[in-house]
$ cat protein.pdb   # PDB, C-alpha atoms
ATOM      1  CA  MET A  20       5.936  51.405  -4.497
ATOM      2  CA  GLU A  21       9.083  49.604  -5.565
ATOM      3  CA  ILE A  22       9.796  46.856  -8.053
ATOM      4  CA  THR A  23      12.843  44.669  -8.580
ATOM      5  CA  LEU A  24      14.201  44.683 -12.108
ATOM      6  CA  LEU A  25      16.033  41.542 -13.235
ATOM      7  CA  ALA A  26      18.202  41.549 -16.338
ATOM      8  CA  PHE A  27      19.453  38.209 -17.637
ATOM      9  CA  ALA A  28      22.187  37.130 -20.030
ATOM     10  CA  THR A  29      22.873  39.757 -22.704
ATOM     11  CA  SER A  30      20.266  42.107 -21.278
ATOM     12  CA  SER A  31      22.366  42.523 -18.125
ATOM     13  CA  ASP A  32      25.174  43.837 -20.335
ATOM     14  CA  ALA A  33      22.787  46.273 -22.004
ATOM     15  CA  PHE A  34      21.224  47.526 -18.776
ATOM     16  CA  GLY A  35      24.436  47.479 -16.768
ATOM     17  CA  PHE A  36      22.938  45.539 -13.879
ATOM     18  CA  SER A  37      21.520  42.128 -13.162
ATOM     19  CA  SER A  38      19.232  43.263 -10.347
ATOM     20  CA  ARG A  39      18.056  46.680  -9.335
ATOM     21  CA  VAL A  40      15.211  48.070  -7.221
ATOM     22  CA  VAL A  41      13.438  51.127  -8.603
ATOM     23  CA  SER A  42      10.488  53.252  -7.598
ATOM     24  CA  CYS A  43       7.391  52.994  -9.743
ATOM     25  CA  SER A  44       3.647  53.399  -9.760
ATOM     26  CA  ALA A  45       1.019  50.771 -10.488
ATOM     27  CA  ASP A  46       0.246  52.582 -13.736
ATOM     28  CA  ASP A  47       3.791  52.245 -14.989
ATOM     29  CA  THR A  48       4.450  49.708 -17.708
ATOM     30  CA  PRO A  49       7.684  47.873 -18.537
ATOM     31  CA  LEU A  50       8.081  50.308 -21.410
ATOM     32  CA  THR A  51       7.701  53.472 -19.324
ATOM     33  CA  LEU A  52      10.123  52.087 -16.749
ATOM     34  CA  VAL A  53      12.788  51.354 -19.334
ATOM     35  CA  GLN A  54      12.283  54.747 -20.935
ATOM     36  CA  ARG A  55      12.869  56.291 -17.520
ATOM     37  CA  ILE A  56      15.835  54.279 -16.244
ATOM     38  CA  ALA A  57      17.617  53.110 -19.380
ATOM     39  CA  PRO A  58      16.329  54.871 -22.508
ATOM     40  CA  GLN A  59      19.479  53.898 -24.389
ATOM     41  CA  VAL A  60      18.647  50.180 -24.269
ATOM     42  CA  ASN A  61      17.308  48.655 -27.476
ATOM     43  CA  ILE A  62      14.393  46.484 -26.397
ATOM     44  CA  ALA A  63      13.561  45.123 -29.841
ATOM     45  CA  SER A  64      14.749  41.596 -29.064
ATOM     46  CA  LEU A  65      13.646  41.537 -25.424
ATOM     47  CA  ARG A  66      10.541  40.113 -23.845
ATOM     48  CA  VAL A  67       9.365  40.992 -20.366
ATOM     49  CA  ALA A  68       7.872  39.051 -17.488
ATOM     50  CA  LEU A  69       5.986  40.314 -14.453
ATOM     51  CA  ASP A  70       6.210  38.018 -11.433
ATOM     52  CA  CYS A  71       7.401  35.149 -13.623
ATOM     53  CA  GLU A  72       4.680  35.456 -16.275
ATOM     54  CA  PHE A  73       5.306  36.810 -19.758
ATOM     55  CA  ALA A  74       3.712  40.220 -20.259
ATOM     56  CA  THR A  75       3.624  42.851 -22.965
ATOM     57  CA  TRP A  76       5.585  46.071 -22.835
ATOM     58  CA  ASP A  77       2.308  47.917 -22.349
ATOM     59  CA  THR A  78       1.027  45.849 -19.424
ATOM     60  CA  PRO A  79       0.513  47.983 -16.290
ATOM     61  CA  ILE A  80       2.826  46.827 -13.533
ATOM     62  CA  GLY A  81       0.007  46.841 -11.001
ATOM     63  CA  ALA A  82       1.040  44.999  -7.849
ATOM     64  CA  ALA A  83       3.895  43.048  -9.434
ATOM     65  CA  ARG A  84       7.052  42.804  -7.345
ATOM     66  CA  GLU A  85       9.445  41.636 -10.036
ATOM     67  CA  LEU A  86      10.023  42.648 -13.644
ATOM     68  CA  ALA A  87      12.386  40.523 -15.701
ATOM     69  CA  PHE A  88      13.948  41.322 -19.057
ATOM     70  CA  ILE A  89      14.085  38.150 -21.133
ATOM     71  CA  PRO A  90      16.467  38.014 -24.094
ATOM     72  CA  PRO A  91      16.085  35.188 -26.642
ATOM     73  CA  VAL A  92      16.453  31.928 -24.739
ATOM     74  CA  SER A  93      19.102  29.323 -25.466
ATOM     75  CA  GLY A  94      18.807  26.544 -22.929
ATOM     76  CA  GLY A  95      19.605  22.917 -23.548
TER      77      GLY A  95
ATOM     78  CA  MET B   7       2.187  12.056 -14.561
ATOM     79  CA  HIS B   8       4.999  12.262 -12.048
ATOM     80  CA  LEU B   9       7.150  15.278 -12.869
ATOM     81  CA  GLU B  10      10.448  16.369 -11.361
ATOM     82  CA  ILE B  11      12.295  19.503 -12.439
ATOM     83  CA  HIS B  12      15.691  20.358 -10.995
ATOM     84  CA  PHE B  13      18.371  22.944 -11.591
ATOM     85  CA  THR B  14      21.857  22.272 -10.340
ATOM     86  CA  ALA B  15      25.169  24.088 -10.337
ATOM     87  CA  GLU B  16      26.961  20.765  -9.889
ATOM     88  CA  ALA B  17      27.674  18.051 -12.411
ATOM     89  CA  ILE B  18      24.476  16.221 -13.273
ATOM     90  CA  VAL B  19      24.212  12.907 -11.501
ATOM     91  CA  THR B  20      21.909  10.578 -13.362
ATOM     92  CA  PRO B  21      19.077   9.770 -10.974
ATOM     93  CA  SER B  22      17.994   6.233 -10.357
ATOM     94  CA  CYS B  23      14.756   6.375 -12.295
ATOM     95  CA  ALA B  24      12.694   3.895 -10.340
ATOM     96  CA  LEU B  25       9.842   2.579 -12.425
ATOM     97  CA  PRO B  26       6.601   4.072 -11.109
ATOM     98  CA  SER B  27       4.587   1.041 -12.154
ATOM     99  CA  LYS B  28       4.824  -2.329 -13.840
ATOM    100  CA  GLU B  29       3.179  -0.804 -16.912
ATOM    101  CA  ILE B  30       6.316   1.050 -17.946
ATOM    102  CA  GLY B  31       7.459  -0.360 -21.270
ATOM    103  CA  ALA B  32       9.803   2.427 -22.361
ATOM    104  CA  LEU B  33      12.389   4.458 -20.542
ATOM    105  CA  VAL B  34      14.096   7.071 -22.717
ATOM    106  CA  GLU B  35      17.037   9.109 -21.470
ATOM    107  CA  PHE B  36      18.626  12.147 -23.073
ATOM    108  CA  HIS B  37      21.929  13.735 -22.116
ATOM    109  CA  GLY B  38      22.655  17.095 -23.719
ATOM    110  CA  ILE B  39      26.433  17.387 -23.813
ATOM    111  CA  VAL B  40      28.473  20.562 -24.241
ATOM    112  CA  ARG B  41      30.438  20.315 -27.494
ATOM    113  CA  GLU B  42      33.816  21.860 -28.090
ATOM    114  CA  MET B  43      33.116  23.536 -31.434
ATOM    115  CA  GLU B  44      30.715  26.477 -31.575
ATOM    116  CA  ASP B  45      30.643  28.607 -34.742
ATOM    117  CA  ASN B  46      33.978  27.110 -35.840
ATOM    118  CA  GLN B  47      35.580  28.128 -32.577
ATOM    119  CA  ALA B  48      36.936  25.715 -29.983
ATOM    120  CA  LEU B  49      35.494  26.483 -26.568
ATOM    121  CA  PRO B  50      36.423  25.150 -23.126
ATOM    122  CA  GLY B  51      32.771  25.109 -22.058
ATOM    123  CA  LEU B  52      29.539  27.054 -21.808
ATOM    124  CA  PHE B  53      28.069  29.181 -19.066
ATOM    125  CA  TYR B  54      24.372  28.622 -18.318
ATOM    126  CA  GLU B  55      22.112  31.072 -16.559
ATOM    127  CA  ALA B  56      18.478  30.530 -15.632
ATOM    128  CA  TYR B  57      15.668  32.588 -14.196
ATOM    129  CA  GLU B  58      14.836  29.582 -12.122
ATOM    130  CA  PRO B  59      11.419  30.409 -10.643
ATOM    131  CA  MET B  60      10.045  31.356 -14.036
ATOM    132  CA  ALA B  61      11.895  28.599 -15.894
ATOM    133  CA  ARG B  62      10.396  26.047 -13.544
ATOM    134  CA  ARG B  63       6.913  27.498 -13.994
ATOM    135  CA  VAL B  64       7.083  27.730 -17.803
ATOM    136  CA  LEU B  65       8.690  24.326 -18.142
ATOM    137  CA  GLU B  66       6.186  22.652 -15.848
ATOM    138  CA  ARG B  67       3.355  24.097 -17.916
ATOM    139  CA  HIS B  68       4.916  22.820 -21.148
ATOM    140  CA  LEU B  69       5.645  19.361 -19.785
ATOM    141  CA  LEU B  70       2.188  18.902 -18.302
ATOM    142  CA  GLU B  71       0.655  19.942 -21.618
ATOM    143  CA  LEU B  72       2.912  17.507 -23.465
ATOM    144  CA  GLY B  73       1.735  14.840 -21.047
ATOM    145  CA  THR B  74      -1.771  15.246 -22.429
ATOM    146  CA  LEU B  75      -0.490  14.962 -26.011
ATOM    147  CA  HIS B  76       1.893  12.066 -25.390
ATOM    148  CA  PRO B  77       0.762  10.284 -22.223
ATOM    149  CA  CYS B  78       3.728   9.358 -20.053
ATOM    150  CA  GLN B  79       3.982   8.154 -16.484
ATOM    151  CA  ALA B  80       7.072   9.986 -15.263
ATOM    152  CA  VAL B  81       9.495  12.694 -16.370
ATOM    153  CA  HIS B  82      12.750  13.752 -14.730
ATOM    154  CA  PHE B  83      14.238  16.984 -16.021
ATOM    155  CA  ILE B  84      17.577  18.382 -14.842
ATOM    156  CA  HIS B  85      19.269  21.481 -16.249
ATOM    157  CA  ARG B  86      22.673  22.603 -15.150
ATOM    158  CA  THR B  87      23.540  26.216 -14.388
ATOM    159  CA  GLY B  88      26.889  27.960 -14.166
ATOM    160  CA  TRP B  89      29.990  26.820 -15.973
ATOM    161  CA  VAL B  90      29.729  23.489 -17.807
ATOM    162  CA  PRO B  91      32.998  22.179 -19.294
ATOM    163  CA  VAL B  92      33.111  20.528 -22.700
ATOM    164  CA  GLY B  93      32.138  16.878 -22.449
ATOM    165  CA  GLU B  94      29.792  17.324 -19.500
ATOM    166  CA  ALA B  95      26.010  17.324 -19.621
ATOM    167  CA  SER B  96      24.070  20.562 -19.419
ATOM    168  CA  LEU B  97      20.726  18.798 -19.715
ATOM    169  CA  TYR B  98      19.269  15.465 -18.662
ATOM    170  CA  ILE B  99      15.766  14.246 -19.386
ATOM    171  CA  CYS B 100      14.294  10.860 -18.559
ATOM    172  CA  VAL B 101      10.835   9.932 -19.814
ATOM    173  CA  MET B 102       8.932   6.787 -18.881
ATOM    174  CA  SER B 103       5.810   5.570 -20.607
ATOM    175  CA  ALA B 104       3.951   2.409 -21.479
ATOM    176  CA  HIS B 105       5.078   2.524 -25.108
ATOM    177  CA  ARG B 106       8.153   3.885 -26.860
ATOM    178  CA  GLY B 107       6.258   6.185 -29.224
ATOM    179  CA  GLU B 108       4.894   8.434 -26.510
ATOM    180  CA  ALA B 109       8.210   8.611 -24.678
ATOM    181  CA  LEU B 110      10.197   9.427 -27.805
ATOM    182  CA  ARG B 111       7.739  12.074 -28.961
ATOM    183  CA  PHE B 112       7.521  13.569 -25.487
ATOM    184  CA  LEU B 113      11.287  13.801 -25.296
ATOM    185  CA  ALA B 114      11.657  15.459 -28.705
ATOM    186  CA  ASP B 115       8.847  17.927 -28.070
ATOM    187  CA  SER B 116      10.108  18.784 -24.586
ATOM    188  CA  ILE B 117      13.462  19.873 -25.995
ATOM    189  CA  ASP B 118      11.692  21.954 -28.644
ATOM    190  CA  ARG B 119       9.590  23.602 -25.945
ATOM    191  CA  LEU B 120      12.685  24.214 -23.825
ATOM    192  CA  LYS B 121      14.205  26.182 -26.659
ATOM    193  CA  LEU B 122      10.969  28.067 -27.308
ATOM    194  CA  ASP B 123      10.519  30.284 -24.277
ATOM    195  CA  VAL B 124      11.965  28.734 -21.120
ATOM    196  CA  PRO B 125      14.186  31.446 -19.597
ATOM    197  CA  ILE B 126      17.550  29.704 -19.686
ATOM    198  CA  TRP B 127      20.557  31.110 -21.503
ATOM    199  CA  LYS B 128      24.018  29.982 -22.441
ATOM    200  CA  ARG B 129      27.093  32.081 -23.005
ATOM    201  CA  THR B 130      30.352  31.100 -24.592
ATOM    202  CA  THR B 131      32.299  32.992 -21.941
ATOM    203  CA  ARG B 132      32.088  33.174 -18.187
ATOM    204  CA  PRO B 133      30.634  36.402 -16.798
ATOM    205  CA  PRO B 134      33.353  38.285 -14.851
ATOM    206  CA  GLU B 135      31.707  37.672 -11.490
ATOM    207  CA  SER B 136      31.384  33.912 -11.896
TER     208      SER B 136
END
$ encode --input "protein.pdb" --output "structure tokens"
Amino acid sequence: MEITLLAFATSSDAFGFSSRVVSCSADDTPLTLVQRIAPQVNIASLRVALDCEFATWDTPIGAARELAFIPPVSGG
Amino acid sequence: MHLEIHFTAEAIVTPSCALPSKEIGALVEFHGIVREMEDNQALPGLFYEAYEPMARRVLERHLLELGTLHPCQAVHFIHRTGWVPVGEASLYICVMSAHRGEALRFLADSIDRLKLDVPIWKRTTRPPES
């Protein structure tokens, strides 16, 4: 299966892309994906979302189609 | 509660907030304006980026919850994306309620919630591709 990775704001600088499609399995987690595709990225300040819902780094991707990396927000 | 959430890459045009009923006693508007000085540095503007589908979902959840805490009849929320020059609004919120207390508290709390976890970001520089 494939999933679309979305990197916003400062996380797009860290990952080097704003959108990228990668292969994965349903058992993958956001953490295992990052360790595979961008192990150099420091995720300490990042949150993740699967299909527009916040998730933990250890949440299995399951059938999600979109994984977003969410740096600290600053709207307004 | 009537709720409208919009994102726009154009200058925010204040909507004509028609009163949803004759029981509206307070209409509170907020314009968040981009300031020139940021960390003692003069800036020409700010660049806003949003993960719109998620921002809309998270924001709607917050605003509906606030509606149970501070009952209001209508809320219009507009956030700008892209480059926003100094002096222009990046955010507009209009809250209508029967009494001023609910509207004022709703407005204050909605901005706090916005800054809590709604996926919108600002940068002091334009990304190269913009």
$ resolve_selection --input "protein.pdb" --expression "the PyMOL selection byres ((chain B) within 6 of (chain A))" --output "PyMOL selection string"
chain B and resi 60+97+121+125-128
$ resolve_selection --input "protein.pdb" --expression "the PyMOL selection byres ((chain A and resi 76) around 8)" --output "number ranges by chain"
A: 48-50, 66-67, 74-75, 77-78
$ resolve_selection --input "protein.pdb" --expression "the PyMOL selection byres ((chain B and resi 35) around 9)" --output "list in words"
Leu33, Val34, Phe36, His37, Tyr98, Ile99, Cys100, Val101, Met102 and Leu113 of chain B
$ atom_distance --input "protein.pdb" --atom1 "CA of Leu49 (chain B)" --atom2 "CA of Ala95 (chain B)"
14.9 Å
$ atom_distance --input "protein.pdb" --atom1 "CA of Gly73 (chain B)" --atom2 "CA of Pro26 (chain B)"
15.4 Å
$ atom_distance --input "protein.pdb" --atom1 "CA of Arg41 (chain B)" --atom2 "CA of Ala114 (chain B)"
19.4 Å
$ residues_around --input "protein.pdb" --residues "region 57-60 of chain A" --least-positions-apart "6" --cutoff "9 Å" --atoms "only C-alpha atoms" --output "list in words"
Ser30, Ala33 and Phe34 of chain A
$ closest_residue --input "protein.pdb" --among "B:Leu122, B:Ile84, B:Ile39, B:Ala48" --to "Arg62 (chain B)" --atoms "only C-alpha atoms"
B:Ile84
$ build_atoms --input "protein.pdb" --residues "region 60-85 of chain B" --atoms "N, CA and C atoms" --output "compact mmCIF listing (two decimals), keeping the file's coordinate frame"
# COMPACT_ATOMS: atom_id res chain seq x y z
N MET B 60 10.86 31.28 -12.83
CA MET B 60 10.04 31.36 -14.04
C MET B 60 10.31 30.16 -14.95
N ALA B 61 11.57 29.75 -15.05
CA ALA B 61 11.90 28.60 -15.89
C ALA B 61 11.14 27.36 -15.41
N ARG B 62 11.11 27.21 -14.11
CA ARG B 62 10.40 26.05 -13.54
C ARG B 62 8.90 26.12 -13.88
N ARG B 63 8.34 27.32 -13.75
CA ARG B 63 6.91 27.50 -13.99
C ARG B 63 6.57 27.26 -15.47
N VAL B 64 7.36 27.87 -16.36
CA VAL B 64 7.08 27.73 -17.80
C VAL B 64 7.29 26.29 -18.25
N LEU B 65 8.38 25.70 -17.76
CA LEU B 65 8.69 24.33 -18.14
C LEU B 65 7.63 23.36 -17.64
N GLU B 66 7.21 23.54 -16.40
CA GLU B 66 6.19 22.65 -15.85
C GLU B 66 4.91 22.72 -16.68
N ARG B 67 4.56 23.93 -17.09
CA ARG B 67 3.36 24.10 -17.92
C ARG B 67 3.51 23.35 -19.24
N HIS B 68 4.67 23.51 -19.87
CA HIS B 68 4.92 22.82 -21.15
C HIS B 68 4.86 21.30 -20.97
N LEU B 69 5.54 20.82 -19.93
CA LEU B 69 5.64 19.36 -19.78
C LEU B 69 4.29 18.74 -19.43
N LEU B 70 3.52 19.43 -18.63
CA LEU B 70 2.19 18.90 -18.30
C LEU B 70 1.29 18.90 -19.54
N GLU B 71 1.44 19.91 -20.37
CA GLU B 71 0.66 19.94 -21.62
C GLU B 71 1.10 18.82 -22.55
N LEU B 72 2.42 18.61 -22.63
CA LEU B 72 2.91 17.51 -23.46
C LEU B 72 2.41 16.16 -22.95
N GLY B 73 2.23 16.08 -21.63
CA GLY B 73 1.74 14.84 -21.05
C GLY B 73 0.33 14.50 -21.50
N THR B 74 -0.43 15.52 -21.89
CA THR B 74 -1.77 15.25 -22.43
C THR B 74 -1.70 14.84 -23.90
N LEU B 75 -0.65 15.31 -24.59
CA LEU B 75 -0.49 14.96 -26.01
C LEU B 75 0.16 13.60 -26.18
N HIS B 76 1.14 13.32 -25.33
CA HIS B 76 1.89 12.07 -25.39
C HIS B 76 1.90 11.48 -23.97
N PRO B 77 0.88 10.74 -23.61
CA PRO B 77 0.76 10.28 -22.22
C PRO B 77 1.99 9.50 -21.74
N CYS B 78 2.57 10.00 -20.67
CA CYS B 78 3.73 9.36 -20.05
C CYS B 78 3.48 9.25 -18.56
N GLN B 79 4.21 8.35 -17.92
CA GLN B 79 3.98 8.15 -16.48
C GLN B 79 4.91 8.99 -15.62
N ALA B 80 6.11 9.25 -16.09
CA ALA B 80 7.07 9.99 -15.26
C ALA B 80 8.09 10.70 -16.13
N VAL B 81 8.48 11.90 -15.67
CA VAL B 81 9.49 12.69 -16.37
C VAL B 81 10.44 13.29 -15.33
N HIS B 82 11.72 13.10 -15.55
CA HIS B 82 12.75 13.75 -14.73
C HIS B 82 13.51 14.71 -15.63
N PHE B 83 13.57 15.96 -15.22
CA PHE B 83 14.24 16.98 -16.02
C PHE B 83 15.28 17.66 -15.14
N ILE B 84 16.51 17.71 -15.60
CA ILE B 84 17.58 18.38 -14.84
C ILE B 84 18.33 19.29 -15.80
N HIS B 85 18.47 20.56 -15.45
CA HIS B 85 19.27 21.48 -16.25
C HIS B 85 20.36 22.05 -15.37
